[in-house]
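Colleague: This is the structure I have questions about; it appears just below.
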Amino acid sequence: MVCSFQDLLQIQLIRMPEPETPPRTFAFADFILSPQDGTLVHRGHKVRLQDQPLRLLALLVERAGEVVTREEIQAHLWPENTYVEFDKSLRVAINKVREALRDSADRPNFIETVPRRGYRFIAPVGVQFSAPQPTVLTPDPAPPIRQTDGAVGVVEDPAPPSGASHPRAHLAWRLVLLAIPIALLLTVPVTVLLRSHGFTRPGITAYTKITYDGHPKSFGGTDGSRIYFKWEDTGKIAEVSVSGGAVAPIPVALNYPRIGEISPDGSTLLLTSEGSGLGPADTLWSMEVLGGTLRRLGNAVSATWSPDGKQISYGTAQGDICIMRRDGTDALRIVAAGGYVSYIAWSPDGQTIRFSRDGLLWEVSKDGSNLRQLLPGWPHANQWSGRWAGDGRFFFVADGQIWFLGERRRIGSEFVAKPVQLTNGPTVWDRPVPSQDGKKIFASGSTRRGELMRFDAGSSMFQPFLDGISAEFVRFSRNGKSVAYVTYPEGILWRANADGSNPLKLTEAPVYPKSISWSPDGSQICFVDRTAEGVYAIFVILSDGSEKPRRLLPDDRQAETDPSWSPDGKQIIFSTSPNVGASAKSDLRTVDLGTGKTTVLPASEGLVVPHWSPDGKKIAAVTLDVMGMKLFDIASGRWTNLDTGSVAFPEWSSDGQWIYYIKWTPDSAVVRVRTQDGKREPVIDLKGVRCTGVFSIWLGLDPTDAPMMLRDVGTEDIYSLTLDSK
């Protein structure tokens, strides 16, 4: 029997269902929640929970980190025309959920009560998707095709005799039976091939706390049995078992160490110092874990070990990526990356080095070739840290949540897939470090919250300001009638009356304004944010919210930061930085708002953070190494040095006589320097003051020159995240 092409087209062997959103499974602590199956499992044992409490739990978990209002819960659980005593029913449902989770209303680990509003799920949540399977159906019999007088048409064949089979059905079943073994033969090698090349999908099945003090930490690394970290509020280095337990401080003979990574053999820590007295700032050291012997290796801001532990790759304050031997000899610059480099990672095969440059991930070959941005166009702009799994199949990235990239190979080339999100919810994750066996990820998880404070000179204490809102970059308009601020960690720009009343939202996510500045007439606000290409740029928005933000210099391709409006409202001054690989340093530029023309400020190379004085006669700027400040006299065109020491977030006083700033050292303080004679005065000792914000710390002044800061009221601990590769 001969089968024509038209016959084959009419035979349907496999029918795929319409695409659907795959079912989701949520993991938090030791619980697994499957809303579609209506199950809650704790450590392998099913937890009994009635339908309504389980649906309530699913609603809260799906919107982890958000406040789910009482009205939303009522609409979800008790639709319209359902008559219940709502308050009592809701209270019973919440209590049943808390009982199932062994949670407490007073000290919640999972469900937080938001008074008079609703509830919020506060634990870290992982999400897994279950892919739908194709449905194999029996073939539909196709009507025969007959050609008559040159015409093709579909005709009805007479029904076959009773007990006889249709010849077309024979053909269909033959093809089905032939297709099944072929599909099976193809499935096995394809599955093996996909898994061997990293086409598996990891998921998180459990979160386990390792530390419990809640203090801010910098996570160094792990040797497989111990985790090394630094307490940021005390500056102490410590270690803890990967399974948790007692924390042991590690004596370090450096005054202000920053934690680095542990060598692959677990014998040696990398540390960098901040003006320790044993060497200049940003000095790289190695320290033997047993004995504490220190060896100075050179100057660096970030470093990592090679996979075999014989070499170290490090980044300098000038933005260079370098390689040297373990003992600090034979240092070699492989590429001038430019910008601020951090979180260097070396691939397990030793051929590729990845790093964060100004918050975006880049990579370069070990020999300095193939420098490129890793994730161009990825909308998540804060790609501060990343690390390979030990077998090289995955690269884990943190931008507040944890993502993974599958490292897959094509013949003759390598490519990186789009990142896939692993975590979800209110917990902010940083520095994911996979365990050596690939079964866990260790990471620091924090709940980010701040309280706006203003320094009260009478009591010499910080007091909550504007009702203690969690906001930074607080700026008052020139007439003192309005205030603008950016909420933390949401990153939304608001404008309100000076007392905080009548707030007006000006921006929406994913825009995250930073370094805001009012126009003198109060009609506009400029700020800095990343573009879609990942470059910092200046944006301007009307303060009445009637327009969306617009780029100030849409054709500029360099990074633009730290805008400051001139007192006459005609110009904005800002700092620039070059593209990766460029040899030029940063400089200061002004833009004429009438013509759009930009002009480089004379002799401003290597300066950042410019601020116009209130009278418009001077410009203050910070040196690139943040170890000093300069003052530019516009009339004479000359720069003079101000003896400030390390400096961050400078702010002019309202009368232009002083510049306030943060002394950026471990014994930090708010200091002011008089511009006339360079006299310095301490204002606030910041010892014991925990600050937070998008840049970890921030300083502003209110209209009376009272310093404002954002106090850290969040928590941070180290977690173990259990992985399950699908």
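Ligands are numbered from 1 in the order shown, residues from 1 within each chain, and chains are lettered A, B, ... in the order they appear in the structure tokens.
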Using only C-alpha atoms, what does the table of segment 535-569 of chain A residues within 10 Å of segment 348-372 of chain A look like, with each row giving the shortest atom pair and its distance in Å to one decimal, sorted by chain and ascending number, as JSON lines?
Modeller:
```
{"residue": "A:Val535", "atom": "CA", "partner": "A:Asp358", "partner_atom": "CA", "distance": 9.0}
{"residue": "A:Tyr536", "atom": "CA", "partner": "A:Asp358", "partner_atom": "CA", "distance": 9.2}
{"residue": "A:Ala559", "atom": "CA", "partner": "A:Asp358", "partner_atom": "CA", "distance": 9.9}
```
Colleague: List as a count of residues only the protein and nucleic acid residues near segment 231-245 of chain A, meaning an atom at most 7 Å away when only C-alpha atoms are counted, but skip any in the same chain fewer than 2 places from it.
Modeller: 17
Colleague: Using DSSP on the backbone, list every residue of segment 425-601 of chain A that comes out as strand (DSSP E or B), and give them as an MDAnalysis selection string.
Modeller: chainID A and resid 428:434 440:447 450:456 461:464 471:476 482:487 493:497 504:505 514:518 524:530 536:542 550:551 559:565 571:577 587:592 598:600
Colleague: Counting only C-alpha atoms, what are the residues of segment 590-696 of chain A within 12 Å of segment 488-494 of chain A, and for each of them which pair of atoms is the nearest and at what distance in Å, to one decimal? Sort the table by chain and rising number, as CSV.
Modeller:
```
residue,atom,partner,partner_atom,distance
A:Thr692,CA,A:Tyr488,CA,9.0
A:Gly693,CA,A:Tyr488,CA,6.6
A:Val694,CA,A:Pro489,CA,7.3
A:Phe695,CA,A:Tyr488,CA,11.0
A:Ser696,CA,A:Tyr488,CA,11.1
```
Colleague: I want to know what sits within 10 Å of segment 38-42 of chain A, based on only C-alpha atoms, with residues of the same chain fewer than 5 positions away left out; could you give that as JSON, numbers by chain?
Modeller: {"A": [25, 26, 27, 28, 29, 30, 31, 32, 33, 47, 48, 49, 50, 51, 54, 55, 57, 58, 100, 101, 206]}
Colleague: Store the residues picked out above in a file with C-alpha atoms, as a CSV table (one decimal), in the first residue's frame.
Modeller:
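out01.csv, freshly written:
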```
chain,number,residue,atom,x,y,z
A,25,THR,CA,5.3,24.7,44.4
A,26,PHE,CA,6.5,27.1,47.2
A,27,ALA,CA,9.3,26.2,49.6
A,28,PHE,CA,9.9,28.1,52.9
A,29,ALA,CA,11.9,27.0,55.9
A,30,ASP,CA,11.2,23.2,56.1
A,31,PHE,CA,7.7,23.5,54.4
A,32,ILE,CA,6.6,22.7,50.9
A,33,LEU,CA,3.3,24.2,49.8
A,47,VAL,CA,0.3,18.7,57.6
A,48,ARG,CA,-3.5,18.6,58.1
A,49,LEU,CA,-5.0,22.0,57.1
A,50,GLN,CA,-8.5,22.7,56.1
A,51,ASP,CA,-9.4,24.2,52.7
A,54,LEU,CA,-4.7,26.5,53.2
A,55,ARG,CA,-6.1,28.9,50.5
A,57,LEU,CA,-1.7,30.5,53.3
A,58,ALA,CA,-1.3,30.1,49.5
A,100,ALA,CA,0.1,24.5,61.3
A,101,LEU,CA,3.3,26.5,60.8
A,206,ALA,CA,14.3,24.3,52.2
```
Colleague: Restricting the calculation to only C-alpha atoms: of A:Cys526, A:Val67, A:Ile73, A:Leu553, which residue gets closest to Pro53 of chain A?
Modeller: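 Among A:Cys526, A:Val67, A:Ile73, A:Leu553, it is A:Ile73 that comes nearest to Pro53 of chain A.
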Colleague: Enter the distance from atom CA of Asp562 of chain A to atom CA of Ile684 of chain A, in Å, rounded to one decimal.
Modeller: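 Separation of atom CA of Asp562 of chain A and atom CA of Ile684 of chain A: 24.4 Å.
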Colleague: Please determine, counting only C-alpha atoms, which residue among A:Asp667, A:Asp521, A:Asp615, A:Glu451 has the shortest atom-to-atom distance to Ser477 of chain A.
Modeller: A:Asp521
Colleague: Have a look at A:Gly438, A:Pro202, A:Pro79, A:Gly214 and name the one nearest to Val713 of chain A; count only C-alpha atoms.
Modeller: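 Looking only at the distances to Val713 of chain A, the closest residue turns out to be A:Gly214.
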Colleague: Would you compute the distance between atom CA of Met629 of chain A and atom CA of Asn641 of chain A? Give it in Å to one decimal.
Modeller: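 For atom CA of Met629 of chain A relative to atom CA of Asn641 of chain A, the distance reads 6.2 Å.
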Colleague: Could you jot down the atom CA of Asp103 of chain A to atom CA of Pro124 of chain A separation for me, Å, one decimal place?
Modeller: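 Straight-line distance from atom CA of Asp103 of chain A to atom CA of Pro124 of chain A works out to 14.6 Å.
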Colleague: Could you pull the residues within 7 Å of Asn424 of chain A, counting only C-alpha atoms, minus those fewer than 4 positions along the same chain, as a list in words?
Modeller: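 Counting only C-alpha atoms, the residues come to Pro124, Val125, Gly126, Val127 and Gln401 of chain A.
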Colleague: Show which residues sit within 8 Å of Ile204 of chain A, as a PyMOL selection string. Count only C-alpha atoms, and ignore same-chain residues fewer than 4 positions away.
Modeller: chain A and resi 27+126-128+422-423+721-724
Colleague: What does the file look like for those residues with N, CA and C atoms, as a PDB file, in the first residue's frame?
Modeller:
```pdb
ATOM      1  N   ALA A  27       8.514  26.778  48.502  1.00  0.00           N
ATOM      2  CA  ALA A  27       9.321  26.240  49.598  1.00  0.00           C
ATOM      3  C   ALA A  27       9.683  27.365  50.548  1.00  0.00           C
ATOM      4  N   GLY A 126      10.958  30.136  48.070  1.00  0.00           N
ATOM      5  CA  GLY A 126      11.459  29.644  46.789  1.00  0.00           C
ATOM      6  C   GLY A 126      10.301  29.125  45.961  1.00  0.00           C
ATOM      7  N   VAL A 127      10.419  29.229  44.640  1.00  0.00           N
ATOM      8  CA  VAL A 127       9.346  28.832  43.738  1.00  0.00           C
ATOM      9  C   VAL A 127       9.885  27.792  42.767  1.00  0.00           C
ATOM     10  N   GLN A 128       9.120  26.705  42.596  1.00  0.00           N
ATOM     11  CA  GLN A 128       9.441  25.708  41.595  1.00  0.00           C
ATOM     12  C   GLN A 128       8.243  25.532  40.681  1.00  0.00           C
ATOM     13  N   LEU A 422      15.347  31.937  41.447  1.00  0.00           N
ATOM     14  CA  LEU A 422      15.259  30.845  42.406  1.00  0.00           C
ATOM     15  C   LEU A 422      14.505  31.228  43.670  1.00  0.00           C
ATOM     16  N   THR A 423      14.674  32.460  44.151  1.00  0.00           N
ATOM     17  CA  THR A 423      14.042  32.877  45.400  1.00  0.00           C
ATOM     18  C   THR A 423      13.005  33.952  45.125  1.00  0.00           C
ATOM     19  N   LEU A 721      20.464  27.166  51.845  1.00  0.00           N
ATOM     20  CA  LEU A 721      19.346  26.929  50.942  1.00  0.00           C
ATOM     21  C   LEU A 721      19.564  25.586  50.262  1.00  0.00           C
ATOM     22  N   THR A 722      18.669  24.642  50.500  1.00  0.00           N
ATOM     23  CA  THR A 722      18.817  23.295  49.948  1.00  0.00           C
ATOM     24  C   THR A 722      18.380  23.276  48.490  1.00  0.00           C
ATOM     25  N   LEU A 723      19.251  22.742  47.620  1.00  0.00           N
ATOM     26  CA  LEU A 723      18.984  22.689  46.184  1.00  0.00           C
ATOM     27  C   LEU A 723      18.479  21.314  45.784  1.00  0.00           C
ATOM     28  N   ASP A 724      17.600  21.316  44.796  1.00  0.00           N
ATOM     29  CA  ASP A 724      17.114  20.071  44.210  1.00  0.00           C
ATOM     30  C   ASP A 724      17.076  20.266  42.714  1.00  0.00           C
TER      31      ASP A 724
END
```
Colleague: Find the spatial neighbours of Lys481 of chain A, counting only C-alpha atoms, within a cut-off of 10 Å - ignore same-chain residues fewer than 4 positions away - and output them as a PDB file with N, CA and C atoms, in the first residue's frame.
Modeller:
```
ATOM      1  N   PHE A 476      14.972  68.954  50.812  1.00  0.00           N
ATOM      2  CA  PHE A 476      13.948  69.989  50.920  1.00  0.00           C
ATOM      3  C   PHE A 476      14.106  70.987  49.782  1.00  0.00           C
ATOM      4  N   SER A 477      12.965  71.481  49.307  1.00  0.00           N
ATOM      5  CA  SER A 477      13.011  72.501  48.263  1.00  0.00           C
ATOM      6  C   SER A 477      13.650  73.771  48.823  1.00  0.00           C
ATOM      7  N   ALA A 496       6.327  65.609  49.034  1.00  0.00           N
ATOM      8  CA  ALA A 496       5.316  65.863  50.056  1.00  0.00           C
ATOM      9  C   ALA A 496       5.497  67.268  50.608  1.00  0.00           C
ATOM     10  N   ASN A 497       4.543  67.703  51.443  1.00  0.00           N
ATOM     11  CA  ASN A 497       4.741  68.934  52.198  1.00  0.00           C
ATOM     12  C   ASN A 497       5.914  68.746  53.155  1.00  0.00           C
ATOM     13  N   ALA A 498       6.459  69.842  53.649  1.00  0.00           N
ATOM     14  CA  ALA A 498       7.660  69.774  54.486  1.00  0.00           C
ATOM     15  C   ALA A 498       7.464  68.919  55.725  1.00  0.00           C
ATOM     16  N   ASP A 499       6.218  68.806  56.210  1.00  0.00           N
ATOM     17  CA  ASP A 499       5.957  67.982  57.397  1.00  0.00           C
ATOM     18  C   ASP A 499       5.616  66.539  57.036  1.00  0.00           C
ATOM     19  N   GLY A 522      11.757  74.910  42.435  1.00  0.00           N
ATOM     20  CA  GLY A 522      10.941  73.834  42.979  1.00  0.00           C
ATOM     21  C   GLY A 522      10.048  73.134  41.986  1.00  0.00           C
ATOM     22  N   PRO A 703      16.460  71.882  56.576  1.00  0.00           N
ATOM     23  CA  PRO A 703      16.637  73.327  56.379  1.00  0.00           C
ATOM     24  C   PRO A 703      17.384  74.032  57.502  1.00  0.00           C
TER      25      PRO A 703
END
```
Colleague: For Lys310 of chain A, which residue among A:Leu686, A:Met324, A:Ile334, A:Met709 is the nearest when counting only C-alpha atoms?
Modeller: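 Among the listed residues, the smallest separation from Lys310 of chain A belongs to A:Met324.
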Colleague: Given only C-alpha atoms as the basis, pick out the residue of A:Ala706, A:Met287, A:Leu506, A:Leu270 nearest to Ser460 of chain A.
Modeller: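 Nearest candidate to Ser460 of chain A out of A:Ala706, A:Met287, A:Leu506, A:Leu270: A:Ala706.
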